[in-house]
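Engineer: run-v6.cif (mmCIF, C-alpha atoms) pasted underneath:
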```cif
data_final
#
loop_
_atom_site.label_atom_id
_atom_site.label_comp_id
_atom_site.auth_asym_id
_atom_site.auth_seq_id
_atom_site.Cartn_x
_atom_site.Cartn_y
_atom_site.Cartn_z
CA MET A 29 0.00 0.00 0.00
CA GLU A 30 1.06 3.65 -0.40
CA ALA A 31 0.86 6.80 1.73
CA GLY A 32 1.53 9.94 -0.29
CA THR A 33 4.56 9.09 -2.38
CA LEU A 34 6.02 6.46 -0.03
CA LYS A 35 5.07 2.80 -0.27
CA ARG A 36 4.34 0.77 2.85
CA THR A 37 4.70 -2.94 3.52
CA PRO A 38 1.78 -5.00 4.93
CA LEU A 39 3.50 -4.70 8.35
CA TYR A 40 3.58 -0.90 8.53
CA GLU A 41 1.12 -0.70 11.44
CA ALA A 42 3.06 -3.37 13.34
CA HIS A 43 6.22 -1.27 13.01
CA VAL A 44 4.43 1.82 14.32
CA GLU A 45 3.06 -0.17 17.24
CA ALA A 46 6.56 -1.48 18.02
CA GLY A 47 7.93 2.07 18.19
CA ALA A 48 10.03 1.88 15.04
CA LYS A 49 11.83 4.90 13.64
CA LEU A 50 10.61 5.00 10.05
CA VAL A 51 12.60 6.45 7.15
CA ASP A 52 12.37 6.74 3.38
CA PHE A 53 14.32 3.84 1.91
CA ALA A 54 14.18 3.45 -1.88
CA GLY A 55 10.69 4.99 -1.89
CA TRP A 56 9.41 2.82 0.97
CA GLU A 57 8.57 3.90 4.52
CA MET A 58 10.73 1.38 6.36
CA PRO A 59 11.89 0.79 9.96
CA VAL A 60 15.54 1.79 10.37
CA GLU A 61 15.59 0.88 14.09
CA TYR A 62 13.37 0.03 17.08
CA ASP A 63 15.45 0.16 20.27
CA GLY A 64 18.81 1.06 18.73
CA ILE A 65 20.98 -0.20 15.87
CA ARG A 66 23.74 -1.49 18.14
CA ALA A 67 21.32 -3.38 20.40
CA GLU A 68 19.56 -4.96 17.43
CA HIS A 69 22.87 -5.86 15.79
CA LEU A 70 24.18 -7.61 18.92
CA ARG A 71 20.86 -9.39 19.43
CA VAL A 72 21.07 -10.92 15.94
CA ARG A 73 24.67 -11.97 16.54
CA GLY A 74 23.88 -13.50 19.94
CA ASP A 75 20.27 -14.69 19.61
CA CYS A 76 17.99 -13.76 16.70
CA GLY A 77 15.92 -10.99 15.16
CA VAL A 78 13.31 -10.56 12.45
CA PHE A 79 13.60 -8.01 9.63
CA ASP A 80 10.73 -6.86 7.42
CA VAL A 81 12.29 -6.85 3.95
CA SER A 82 9.03 -6.75 2.01
CA HIS A 83 10.35 -3.80 0.02
CA MET A 84 12.49 -6.26 -1.95
CA GLY A 85 11.14 -7.17 -5.38
CA GLU A 86 10.47 -10.52 -7.02
CA ILE A 87 10.42 -11.54 -10.68
CA GLU A 88 9.01 -14.92 -11.68
CA THR A 89 10.30 -16.50 -14.89
CA GLN A 90 8.41 -19.53 -16.17
CA GLY A 91 8.26 -21.69 -19.28
CA PRO A 92 10.33 -24.17 -21.32
CA GLN A 93 12.87 -21.45 -22.16
CA ALA A 94 13.04 -19.81 -18.74
CA LEU A 95 16.47 -21.30 -18.10
CA GLU A 96 17.73 -20.11 -21.46
CA LEU A 97 16.60 -16.56 -20.74
CA LEU A 98 18.18 -16.52 -17.27
CA GLN A 99 21.42 -17.92 -18.65
CA ARG A 100 21.51 -14.99 -21.07
CA LEU A 101 20.89 -12.45 -18.29
CA LEU A 102 22.58 -13.68 -15.11
CA SER A 103 26.32 -13.95 -14.50
CA ASN A 104 26.24 -17.30 -12.69
CA ASP A 105 25.48 -20.69 -14.24
CA VAL A 106 21.74 -21.01 -13.64
CA SER A 107 21.74 -24.59 -14.94
CA LYS A 108 23.50 -25.62 -11.73
CA ILE A 109 20.53 -24.63 -9.55
CA GLN A 110 18.84 -27.84 -8.49
CA LEU A 111 15.11 -28.02 -7.81
CA GLY A 112 14.58 -26.21 -4.53
CA GLY A 113 18.00 -24.58 -4.79
CA ALA A 114 19.23 -20.98 -4.60
CA GLN A 115 22.00 -19.06 -6.31
CA TYR A 116 23.60 -15.60 -6.11
CA SER A 117 24.50 -13.73 -9.29
CA CYS A 118 24.88 -10.33 -10.93
CA LEU A 119 22.78 -8.71 -13.62
CA CYS A 120 25.18 -6.90 -15.96
CA ARG A 121 25.04 -4.38 -18.76
CA GLU A 122 26.85 -4.92 -22.05
CA ASP A 123 29.86 -3.01 -20.66
CA GLY A 124 30.02 -5.24 -17.58
CA GLY A 125 28.56 -2.66 -15.20
CA VAL A 126 26.32 -4.17 -12.53
CA LEU A 127 22.61 -3.40 -12.78
CA ASP A 128 21.82 -5.43 -9.64
CA ASP A 129 22.91 -8.38 -7.53
CA LEU A 130 20.25 -11.03 -7.14
CA PHE A 131 19.19 -14.31 -5.58
CA THR A 132 17.41 -16.79 -7.83
CA TYR A 133 15.38 -19.75 -6.51
CA ARG A 134 14.35 -22.70 -8.67
CA LEU A 135 10.79 -23.49 -7.62
CA ALA A 136 9.94 -26.09 -10.30
CA GLU A 137 11.42 -27.62 -13.44
CA ASP A 138 10.75 -24.51 -15.56
CA ARG A 139 9.89 -21.94 -12.88
CA TYR A 140 12.30 -19.54 -11.17
CA LEU A 141 11.89 -16.69 -8.71
CA THR A 142 14.51 -13.92 -8.67
CA VAL A 143 14.67 -11.47 -5.75
CA THR A 144 15.71 -7.94 -6.69
CA ASN A 145 16.90 -4.98 -4.66
CA ALA A 146 14.08 -2.55 -3.88
CA ALA A 147 15.47 0.47 -5.72
CA ASN A 148 16.25 -1.58 -8.84
CA HIS A 149 13.11 -3.68 -9.17
CA ASP A 150 11.32 -1.73 -11.91
CA ARG A 151 14.50 -1.42 -13.98
CA ASP A 152 15.34 -5.11 -13.51
CA LEU A 153 11.82 -6.12 -14.54
CA GLU A 154 12.02 -4.06 -17.69
CA TRP A 155 15.45 -5.55 -18.45
CA PHE A 156 14.05 -9.09 -18.07
CA ARG A 157 11.06 -8.31 -20.28
CA GLN A 158 13.16 -6.59 -22.90
CA HIS A 159 15.45 -9.60 -23.23
CA ALA A 160 12.54 -12.05 -23.19
CA GLY A 161 11.49 -10.47 -26.48
CA PHE A 162 14.78 -11.43 -28.15
CA LYS A 163 15.14 -14.55 -30.24
CA VAL A 164 16.06 -17.10 -27.62
CA GLY A 165 17.20 -20.50 -28.92
CA GLY A 166 16.55 -19.42 -32.50
CA CYS A 167 12.79 -19.13 -31.99
CA GLY A 168 10.85 -16.12 -33.21
CA CYS A 169 8.94 -15.93 -29.94
CA PRO A 170 10.59 -17.26 -26.78
CA ASP A 171 8.50 -19.72 -24.78
CA VAL A 172 8.92 -17.91 -21.47
CA THR A 173 6.82 -15.56 -19.36
CA VAL A 174 8.18 -12.84 -17.08
CA HIS A 175 5.83 -11.97 -14.21
CA ASP A 176 6.16 -9.06 -11.79
CA ALA A 177 5.71 -10.93 -8.49
CA ARG A 178 6.47 -8.05 -6.12
CA ASP A 179 2.86 -7.79 -4.93
CA ASP A 180 2.60 -11.58 -4.49
CA TYR A 181 4.85 -11.66 -1.44
CA ALA A 182 5.76 -10.06 1.84
CA MET A 183 9.24 -11.04 3.01
CA LEU A 184 10.64 -11.60 6.50
CA ALA A 185 14.26 -12.43 7.31
CA VAL A 186 14.69 -14.31 10.59
CA GLN A 187 18.39 -14.27 11.37
CA GLY A 188 20.73 -15.31 14.17
CA PRO A 189 22.02 -18.45 15.91
CA GLU A 190 18.57 -19.10 17.43
CA ALA A 191 16.58 -18.14 14.32
CA ARG A 192 15.99 -21.61 12.95
CA ALA A 193 14.82 -22.96 16.30
CA ALA A 194 12.29 -20.13 16.59
CA VAL A 195 10.88 -20.72 13.10
CA GLU A 196 10.90 -24.51 13.51
CA ARG A 197 8.55 -24.17 16.48
CA LEU A 198 6.03 -22.57 14.10
CA ALA A 199 6.64 -24.70 10.99
CA GLU A 200 4.77 -27.83 9.94
CA ASP A 201 7.93 -29.59 8.77
CA GLU A 202 11.73 -29.44 8.75
CA LEU A 203 13.27 -26.22 7.49
CA PRO A 204 15.44 -26.28 4.36
CA LYS A 205 19.21 -26.25 4.71
CA ARG A 206 21.35 -23.29 3.65
CA MET A 207 20.90 -22.32 -0.03
CA ARG A 208 17.83 -24.55 -0.27
CA THR A 209 14.10 -23.77 -0.32
CA ALA A 210 10.86 -25.47 0.75
CA THR A 211 7.18 -24.56 0.73
CA LEU A 212 5.91 -24.95 4.29
CA ALA A 213 3.12 -23.72 6.52
CA VAL A 214 4.59 -21.38 9.13
CA ALA A 215 2.22 -20.10 11.83
CA GLY A 216 -0.65 -21.17 9.59
CA GLY A 217 0.56 -19.23 6.55
CA ASP A 218 1.94 -20.91 3.43
CA CYS A 219 5.52 -19.70 3.03
CA LEU A 220 8.38 -20.19 0.65
CA VAL A 221 11.12 -20.78 3.23
CA CYS A 222 14.63 -20.03 1.94
CA GLY A 223 17.88 -20.88 3.68
CA THR A 224 19.41 -17.52 2.80
CA GLY A 225 20.16 -14.22 4.52
CA TYR A 226 22.19 -11.01 4.55
CA THR A 227 23.71 -11.01 8.02
CA GLY A 228 26.39 -13.70 8.10
CA GLU A 229 24.32 -15.65 10.63
CA ASP A 230 22.22 -18.76 10.22
CA GLY A 231 18.53 -18.29 9.59
CA VAL A 232 15.84 -18.25 6.93
CA GLU A 233 13.96 -15.81 4.73
CA LEU A 234 10.18 -16.26 4.49
CA LEU A 235 8.28 -15.23 1.38
CA ILE A 236 4.65 -14.99 2.48
CA PRO A 237 1.32 -14.04 0.89
CA PRO A 238 0.82 -10.41 2.04
CA GLN A 239 -2.43 -11.21 3.87
CA ASP A 240 -0.59 -13.76 6.06
CA ALA A 241 2.40 -11.57 6.93
CA GLY A 242 0.87 -10.08 10.09
CA GLY A 243 0.05 -13.48 11.56
CA VAL A 244 3.56 -14.81 10.94
CA TRP A 245 5.12 -11.62 12.36
CA ASP A 246 3.00 -11.82 15.52
CA ALA A 247 3.77 -15.52 15.98
CA LEU A 248 7.50 -14.85 15.74
CA LEU A 249 7.27 -12.10 18.35
CA GLU A 250 5.34 -14.47 20.62
CA GLN A 251 8.28 -16.85 20.32
CA GLY A 252 10.52 -14.12 21.71
CA VAL A 253 12.00 -13.01 18.37
CA ARG A 254 12.59 -9.26 18.50
CA PRO A 255 12.28 -6.94 15.49
CA ALA A 256 15.36 -5.42 13.90
CA GLY A 257 15.58 -2.56 11.42
CA LEU A 258 17.49 -1.78 8.26
CA GLY A 259 20.20 0.02 10.22
CA ALA A 260 21.30 -3.20 11.93
CA ARG A 261 20.87 -5.10 8.67
CA ASP A 262 23.44 -2.78 7.12
CA THR A 263 26.02 -3.05 9.93
CA LEU A 264 25.57 -6.82 10.06
CA ARG A 265 26.14 -7.27 6.33
CA LEU A 266 29.17 -4.97 6.40
CA GLU A 267 30.88 -6.96 9.17
CA VAL A 268 30.77 -10.01 6.88
CA CYS A 269 31.62 -8.00 3.72
CA PHE A 270 28.37 -8.57 1.84
CA HIS A 271 27.94 -6.02 -0.95
CA LEU A 272 25.35 -3.25 -0.86
CA TYR A 273 24.07 -2.22 -4.28
CA GLY A 274 24.44 1.51 -4.87
CA ASN A 275 27.52 1.58 -2.63
CA ASP A 276 29.87 -1.34 -3.27
CA LEU A 277 28.21 -2.29 -6.56
CA SER A 278 26.90 -0.02 -9.32
CA GLU A 279 26.69 0.42 -13.07
CA ASP A 280 30.16 1.99 -12.88
CA ARG A 281 31.70 -1.16 -11.39
CA ASN A 282 31.88 -4.72 -12.67
CA PRO A 283 31.87 -8.00 -10.72
CA ILE A 284 35.60 -8.63 -11.25
CA GLU A 285 36.54 -5.31 -9.64
CA ALA A 286 34.08 -6.02 -6.83
CA GLY A 287 35.58 -9.43 -6.03
CA LEU A 288 32.55 -11.30 -7.34
CA GLY A 289 34.32 -13.30 -10.02
CA TRP A 290 33.18 -16.44 -8.16
CA ALA A 291 29.58 -15.54 -9.11
CA CYS A 292 30.44 -15.23 -12.82
CA SER A 293 30.51 -18.25 -15.10
CA LEU A 294 32.80 -16.90 -17.81
CA ASP A 295 32.57 -20.06 -19.94
CA LYS A 296 28.95 -19.30 -20.89
CA GLU A 297 27.47 -16.44 -22.89
CA PHE A 298 25.66 -13.72 -20.95
CA THR A 299 25.31 -9.96 -21.23
CA GLY A 300 28.67 -8.31 -20.49
CA VAL A 301 30.69 -11.54 -20.43
CA GLU A 302 33.24 -10.43 -23.05
CA VAL A 303 34.19 -7.40 -20.96
CA LEU A 304 34.47 -9.53 -17.83
CA ARG A 305 36.66 -12.11 -19.59
CA ARG A 306 39.01 -9.35 -20.69
CA GLN A 307 38.97 -7.78 -17.24
CA LYS A 308 39.86 -11.07 -15.57
CA SER A 309 42.66 -11.71 -18.07
CA GLU A 310 44.20 -8.24 -17.86
CA GLY A 311 43.37 -7.59 -14.21
CA PRO A 312 41.23 -4.67 -12.99
CA GLU A 313 42.73 -1.24 -12.32
CA GLN A 314 40.98 -1.10 -8.95
CA LYS A 315 39.73 -3.69 -6.48
CA LEU A 316 37.21 -3.60 -3.64
CA VAL A 317 39.02 -4.12 -0.33
CA ALA A 318 38.14 -4.32 3.34
CA PHE A 319 39.94 -2.02 5.77
CA VAL A 320 40.07 -1.36 9.50
CA MET A 321 40.81 2.07 10.92
CA ALA A 322 44.21 2.33 12.64
CA ASP A 323 43.45 5.88 13.84
CA PRO A 324 40.27 6.97 15.62
CA GLY A 325 37.34 7.70 13.32
CA ILE A 326 34.41 6.15 11.49
CA PRO A 327 34.65 5.87 7.70
CA ARG A 328 31.62 6.70 5.59
CA ALA A 329 30.65 6.13 1.95
CA GLY A 330 32.08 8.76 -0.40
CA MET A 331 35.17 9.57 1.66
CA GLN A 332 38.30 9.74 -0.45
CA ILE A 333 41.28 7.41 -0.12
CA ALA A 334 44.47 9.44 -0.52
CA GLU A 335 46.27 6.71 -2.45
CA GLY A 336 43.44 6.61 -5.01
CA GLY A 337 39.83 5.42 -4.86
CA GLU A 338 37.08 5.97 -2.31
CA VAL A 339 35.19 4.44 0.56
CA THR A 340 31.95 2.74 -0.50
CA SER A 341 30.67 1.51 2.90
CA GLY A 342 31.72 2.27 6.46
CA THR A 343 30.58 2.04 10.07
CA LEU A 344 31.68 1.46 13.65
CA SER A 345 31.63 -2.32 14.04
CA PRO A 346 29.51 -3.32 17.06
CA MET A 347 31.41 -6.62 17.35
CA LEU A 348 34.96 -5.30 16.83
CA GLU A 349 34.37 -1.81 18.31
CA VAL A 350 36.51 -0.17 15.63
CA GLY A 351 35.82 1.66 12.39
CA ILE A 352 35.57 -0.67 9.38
CA GLY A 353 34.85 -0.13 5.72
CA LEU A 354 34.91 -1.28 2.12
CA GLY A 355 36.42 0.76 -0.68
CA TYR A 356 38.04 0.67 -4.08
CA VAL A 357 41.82 1.13 -4.28
CA PRO A 358 44.41 0.66 -7.06
CA SER A 359 45.00 -3.06 -7.54
CA GLY A 360 48.65 -2.72 -6.58
CA LEU A 361 47.62 -1.61 -3.09
CA ALA A 362 44.93 -4.23 -2.53
CA GLN A 363 47.00 -6.71 -0.50
CA PRO A 364 46.09 -7.25 3.17
CA GLY A 365 48.47 -5.39 5.45
CA THR A 366 48.78 -2.35 3.17
CA GLU A 367 48.27 1.00 4.91
CA ILE A 368 46.02 3.61 3.31
CA THR A 369 44.85 7.07 4.33
CA ILE A 370 41.17 8.01 4.58
CA ASP A 371 40.07 11.64 4.37
CA LEU A 372 37.64 11.91 7.30
CA ARG A 373 36.09 15.30 6.57
CA GLY A 374 39.41 17.01 6.00
CA ARG A 375 41.33 14.99 8.59
CA PRO A 376 43.72 12.31 7.27
CA ARG A 377 43.33 9.05 9.19
CA ARG A 378 45.33 5.84 8.77
CA ALA A 379 43.68 2.53 7.95
CA ARG A 380 44.92 -0.97 7.16
CA ILE A 381 43.64 -3.31 4.47
CA VAL A 382 42.61 -6.68 5.93
CA GLN A 383 41.42 -10.06 4.73
CA LYS A 384 37.64 -10.38 4.29
CA PRO A 385 35.41 -10.78 6.23
CA PHE A 386 35.84 -8.61 9.32
CA TYR A 387 33.75 -10.96 11.44
CA LYS A 388 33.13 -14.69 11.17
CA ARG A 389 31.23 -16.79 13.66
CA GLU A 390 33.33 -19.47 15.30
CA GLU A 391 31.96 -22.93 14.57
CA PRO A 392 31.10 -24.94 17.72
#
```
Mind converting the file's structure to structure tokens?
Structural biologist:
Amino acid sequence: MEAGTLKRTPLYEAHVEAGAKLVDFAGWEMPVEYDGIRAEHLRVRGDCGVFDVSHMGEIETQGPQALELLQRLLSNDVSKIQLGGAQYSCLCREDGGVLDDLFTYRLAEDRYLTVTNAANHDRDLEWFRQHAGFKVGGCGCPDVTVHDARDDYAMLAVQGPEARAAVERLAEDELPKRMRTATLAVAGGDCLVCGTGYTGEDGVELLIPPQDAGGVWDALLEQGVRPAGLGARDTLRLEVCFHLYGNDLSEDRNPIEAGLGWACSLDKEFTGVEVLRRQKSEGPEQKLVAFVMADPGIPRAGMQIAEGGEVTSGTLSPMLEVGIGLGYVPSGLAQPGTEITIDLRGRPRRARIVQKPFYKREEP
């Protein structure tokens, strides 16, 4: 639903009731925090939290040539997704620039669901539809349909070491393993349960019919799961070096520069592949690196790196209690241990490039 020019998720009233601070995020009125970003961050690391991510978009691709279309569009090898599987990939322009980074789920033999970033959904949908009109497989009319599924789902991300246990108490059957999916009843609502997330913790993402979202949300809260906002989602993803589109990824950057070569199957033909093959062979001029502040200060996106490049993401890490960030630097400086200088609003501050990620949960 919409209020003025801002869209609202089916859980808007629940966020207001929970005391959320609401902000404009990609045209949606979304909760950035409830009882503090740091508190929510630490709760997800130590227990669990639930995020309303219903602003994300979904595109359903179905038909005998659905795979062929997705192979043309997505950087990863879609043919490797098994039934009930999930895969991360990039959507690239002809010049290799990234239009979006996406998760694709294979729901049936010839049916796929691709989750888009909120700000990019309309553009991604048009890109899918435009390419579906091409001659795929030599046919004059490709046997594939592209459906805008954004209004078909609300989406909740339940994340943290106790997340699965909380959802399992509400689910009719066993939850899918990581990078797998299953259709299950959760708190009485039929959900597509996906073993994915954006926090570096275990957990699941629930794609739910919008009319059932409130019941599932309430049931999770009754299980003791506390809500978390987009502020904590951002600090959590940064600690584990997950990319944020619009910051670490953009049309001006390609997956090789961004360290996402592992999500690009360069032995198949897809939009932008020739540029990426050349980039991998020659080596990029800049690379995305992780750095930790050696001097006091918190890096922020857009700050300049004196040796060349700029910060794309930055925060004060709640787990490490030090300033951390991602940024592009000349490839010759990209090795861990290299010192760089960040311009923190006119004040030069030293930082050190480190191995990714900043934080990794110790296995029991």
Engineer: Give me the residues of segment 151-221 of chain A that have any atom at most 12 Å from an atom of segment 240-261 of chain A; for each, the nearest atom pair and the distance in Å, rounded to one decimal. Use all atoms listed in the file, sort by chain and number, and format it as CSV.
Structural biologist:
```
residue,atom,partner,partner_atom,distance
A:Asp180,CA,A:Asp240,CA,11.2
A:Tyr181,CA,A:Ala241,CA,8.7
A:Ala182,CA,A:Ala241,CA,6.3
A:Met183,CA,A:Ala241,CA,7.9
A:Leu184,CA,A:Trp245,CA,8.1
A:Ala185,CA,A:Ala256,CA,9.7
A:Val186,CA,A:Val253,CA,8.3
A:Gln187,CA,A:Val253,CA,9.6
A:Gly188,CA,A:Val253,CA,10.0
A:Pro189,CA,A:Val253,CA,11.7
A:Glu190,CA,A:Val253,CA,9.0
A:Ala191,CA,A:Val253,CA,8.0
A:Arg192,CA,A:Val253,CA,10.9
A:Ala193,CA,A:Gln251,CA,9.8
A:Ala194,CA,A:Gln251,CA,6.4
A:Val195,CA,A:Leu248,CA,7.3
A:Glu196,CA,A:Leu248,CA,10.5
A:Arg197,CA,A:Gln251,CA,8.3
A:Leu198,CA,A:Ala247,CA,7.6
A:Ala199,CA,A:Val244,CA,10.4
A:Ala213,CA,A:Val244,CA,10.0
A:Val214,CA,A:Val244,CA,6.9
A:Ala215,CA,A:Val244,CA,5.5
A:Gly216,CA,A:Val244,CA,7.7
A:Gly217,CA,A:Asp240,CA,5.6
A:Asp218,CA,A:Asp240,CA,8.0
A:Cys219,CA,A:Asp240,CA,9.0
```
Engineer: Emit the selected residues as a PDB file, in the coordinates of the input, including C-alpha atoms.
Structural biologist:
```
ATOM      1  CA  ASP A 180       2.600 -11.580  -4.490  1.00  0.00           C
ATOM      2  CA  TYR A 181       4.850 -11.660  -1.440  1.00  0.00           C
ATOM      3  CA  ALA A 182       5.760 -10.060   1.840  1.00  0.00           C
ATOM      4  CA  MET A 183       9.240 -11.040   3.010  1.00  0.00           C
ATOM      5  CA  LEU A 184      10.640 -11.600   6.500  1.00  0.00           C
ATOM      6  CA  ALA A 185      14.260 -12.430   7.310  1.00  0.00           C
ATOM      7  CA  VAL A 186      14.690 -14.310  10.590  1.00  0.00           C
ATOM      8  CA  GLN A 187      18.390 -14.270  11.370  1.00  0.00           C
ATOM      9  CA  GLY A 188      20.730 -15.310  14.170  1.00  0.00           C
ATOM     10  CA  PRO A 189      22.020 -18.450  15.910  1.00  0.00           C
ATOM     11  CA  GLU A 190      18.570 -19.100  17.430  1.00  0.00           C
ATOM     12  CA  ALA A 191      16.580 -18.140  14.320  1.00  0.00           C
ATOM     13  CA  ARG A 192      15.990 -21.610  12.950  1.00  0.00           C
ATOM     14  CA  ALA A 193      14.820 -22.960  16.300  1.00  0.00           C
ATOM     15  CA  ALA A 194      12.290 -20.130  16.590  1.00  0.00           C
ATOM     16  CA  VAL A 195      10.880 -20.720  13.100  1.00  0.00           C
ATOM     17  CA  GLU A 196      10.900 -24.510  13.510  1.00  0.00           C
ATOM     18  CA  ARG A 197       8.550 -24.170  16.480  1.00  0.00           C
ATOM     19  CA  LEU A 198       6.030 -22.570  14.100  1.00  0.00           C
ATOM     20  CA  ALA A 199       6.640 -24.700  10.990  1.00  0.00           C
ATOM     21  CA  ALA A 213       3.120 -23.720   6.520  1.00  0.00           C
ATOM     22  CA  VAL A 214       4.590 -21.380   9.130  1.00  0.00           C
ATOM     23  CA  ALA A 215       2.220 -20.100  11.830  1.00  0.00           C
ATOM     24  CA  GLY A 216      -0.650 -21.170   9.590  1.00  0.00           C
ATOM     25  CA  GLY A 217       0.560 -19.230   6.550  1.00  0.00           C
ATOM     26  CA  ASP A 218       1.940 -20.910   3.430  1.00  0.00           C
ATOM     27  CA  CYS A 219       5.520 -19.700   3.030  1.00  0.00           C
TER      28      CYS A 219
END
```
Engineer: Would you kindly translate the PyMOL selection byres ((chain A and resi 386) around 7) into the concrete residues it picks from this file, as a PyMOL selection string?
Structural biologist: chain A and resi 267-268+384-385+387-388
Engineer: May I have the residues from that selection written out with C-alpha atoms, as a CSV table (one decimal), in the coordinates of the input?
Structural biologist:
```csv
chain,number,residue,atom,x,y,z
A,267,GLU,CA,30.9,-7.0,9.2
A,268,VAL,CA,30.8,-10.0,6.9
A,384,LYS,CA,37.6,-10.4,4.3
A,385,PRO,CA,35.4,-10.8,6.2
A,387,TYR,CA,33.8,-11.0,11.4
A,388,LYS,CA,33.1,-14.7,11.2
```
Engineer: From the list A:Asp262, A:Asp128, A:Asp152, A:Asp295, which residue is nearest Ser345 of chain A when using only C-alpha atoms?
Structural biologist: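 Residue with the minimum atom-to-atom distance to Ser345 of chain A: A:Asp262.
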Engineer: Any chance you could work out the residue set of the PyMOL selection byres ((chain A and resi 319) around 8) here, as number ranges by chain?
Structural biologist: A: 317-318, 320-321, 352-355, 379-382
Engineer: Pick from A:Glu86, A:Asp201, A:Asp371, A:Glu338: nearest to Asp150 of chain A, with all atoms listed in the file counted?
Structural biologist: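 Once distances to Asp150 of chain A are computed over all atoms listed in the file, the minimum belongs to A:Glu86.
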Engineer: Each residue of segment 336-370 of chain A with at least one atom at most 12 Å from segment 58-65 of chain A should appear once, together with its nearest atom pair and the corresponding distance in Å (one decimal); atoms considered: all atoms listed in the file; ordering: chain, then increasing residue number; output as a tab-separated table.
Structural biologist:
```
residue	atom	partner	partner_atom	distance
A:Thr343	CA	A:Ile65	CA	11.4
A:Leu344	CA	A:Ile65	CA	11.1
A:Ser345	CA	A:Ile65	CA	11.0
A:Pro346	CA	A:Ile65	CA	9.2
```
Engineer: Set the distance at 10 Å and use all atoms listed in the file: which residues neighbour Ser359 of chain A once local chain neighbours fewer than 4 positions away are removed? I'd like the list as a JSON list (two decimals) with C-alpha atoms, keeping the file's coordinate frame.
Structural biologist:
```json
[["chain", "number", "residue", "atom", "x", "y", "z"],
["A", 285, "GLU", "CA", 36.54, -5.31, -9.64],
["A", 311, "GLY", "CA", 43.37, -7.59, -14.21],
["A", 312, "PRO", "CA", 41.23, -4.67, -12.99],
["A", 313, "GLU", "CA", 42.73, -1.24, -12.32],
["A", 314, "GLN", "CA", 40.98, -1.10, -8.95],
["A", 315, "LYS", "CA", 39.73, -3.69, -6.48],
["A", 316, "LEU", "CA", 37.21, -3.60, -3.64],
["A", 317, "VAL", "CA", 39.02, -4.12, -0.33],
["A", 363, "GLN", "CA", 47.00, -6.71, -0.50]]
```
Engineer: Which residues come within 12 Å of Ala334 of chain A, counting all atoms listed in the file, excluding same-chain residues fewer than 2 positions away, as a list in words?
Structural biologist: Met331, Gln332, Gly336, Gly337, Glu338, Val339, Gly355, Tyr356, Val357, Pro358, Leu361, Glu367, Ile368, Thr369, Ile370, Asp371, Leu372, Gly374, Arg375, Pro376, Arg377, Arg378 and Ala379 of chain A
Engineer: How would you write, as number ranges by chain, the residues chosen by the PyMOL selection byres ((chain A and resi 221) around 9) on this structure?
Structural biologist: A: 203-204, 208-212, 214, 219-220, 222-224, 232-236
Engineer: For segment 94-107 of chain A, work out the shell of residues within 8 Å, counting all atoms listed in the file and skipping chain neighbours fewer than 2 positions away, then give it as a ChimeraX atom specification.
Structural biologist: /A:89-92,109-110,115-120,138-140,156,159-160,164-165,171-173,291-294,296-299,301
Engineer: Mind dumping the selected residues with C-alpha atoms as a PDB file, keeping the file's coordinate frame?
Structural biologist:
```pdb
ATOM      1  CA  THR A  89      10.300 -16.500 -14.890  1.00  0.00           C
ATOM      2  CA  GLN A  90       8.410 -19.530 -16.170  1.00  0.00           C
ATOM      3  CA  GLY A  91       8.260 -21.690 -19.280  1.00  0.00           C
ATOM      4  CA  PRO A  92      10.330 -24.170 -21.320  1.00  0.00           C
ATOM      5  CA  ILE A 109      20.530 -24.630  -9.550  1.00  0.00           C
ATOM      6  CA  GLN A 110      18.840 -27.840  -8.490  1.00  0.00           C
ATOM      7  CA  GLN A 115      22.000 -19.060  -6.310  1.00  0.00           C
ATOM      8  CA  TYR A 116      23.600 -15.600  -6.110  1.00  0.00           C
ATOM      9  CA  SER A 117      24.500 -13.730  -9.290  1.00  0.00           C
ATOM     10  CA  CYS A 118      24.880 -10.330 -10.930  1.00  0.00           C
ATOM     11  CA  LEU A 119      22.780  -8.710 -13.620  1.00  0.00           C
ATOM     12  CA  CYS A 120      25.180  -6.900 -15.960  1.00  0.00           C
ATOM     13  CA  ASP A 138      10.750 -24.510 -15.560  1.00  0.00           C
ATOM     14  CA  ARG A 139       9.890 -21.940 -12.880  1.00  0.00           C
ATOM     15  CA  TYR A 140      12.300 -19.540 -11.170  1.00  0.00           C
ATOM     16  CA  PHE A 156      14.050  -9.090 -18.070  1.00  0.00           C
ATOM     17  CA  HIS A 159      15.450  -9.600 -23.230  1.00  0.00           C
ATOM     18  CA  ALA A 160      12.540 -12.050 -23.190  1.00  0.00           C
ATOM     19  CA  VAL A 164      16.060 -17.100 -27.620  1.00  0.00           C
ATOM     20  CA  GLY A 165      17.200 -20.500 -28.920  1.00  0.00           C
ATOM     21  CA  ASP A 171       8.500 -19.720 -24.780  1.00  0.00           C
ATOM     22  CA  VAL A 172       8.920 -17.910 -21.470  1.00  0.00           C
ATOM     23  CA  THR A 173       6.820 -15.560 -19.360  1.00  0.00           C
ATOM     24  CA  ALA A 291      29.580 -15.540  -9.110  1.00  0.00           C
ATOM     25  CA  CYS A 292      30.440 -15.230 -12.820  1.00  0.00           C
ATOM     26  CA  SER A 293      30.510 -18.250 -15.100  1.00  0.00           C
ATOM     27  CA  LEU A 294      32.800 -16.900 -17.810  1.00  0.00           C
ATOM     28  CA  LYS A 296      28.950 -19.300 -20.890  1.00  0.00           C
ATOM     29  CA  GLU A 297      27.470 -16.440 -22.890  1.00  0.00           C
ATOM     30  CA  PHE A 298      25.660 -13.720 -20.950  1.00  0.00           C
ATOM     31  CA  THR A 299      25.310  -9.960 -21.230  1.00  0.00           C
ATOM     32  CA  VAL A 301      30.690 -11.540 -20.430  1.00  0.00           C
TER      33      VAL A 301
END
```
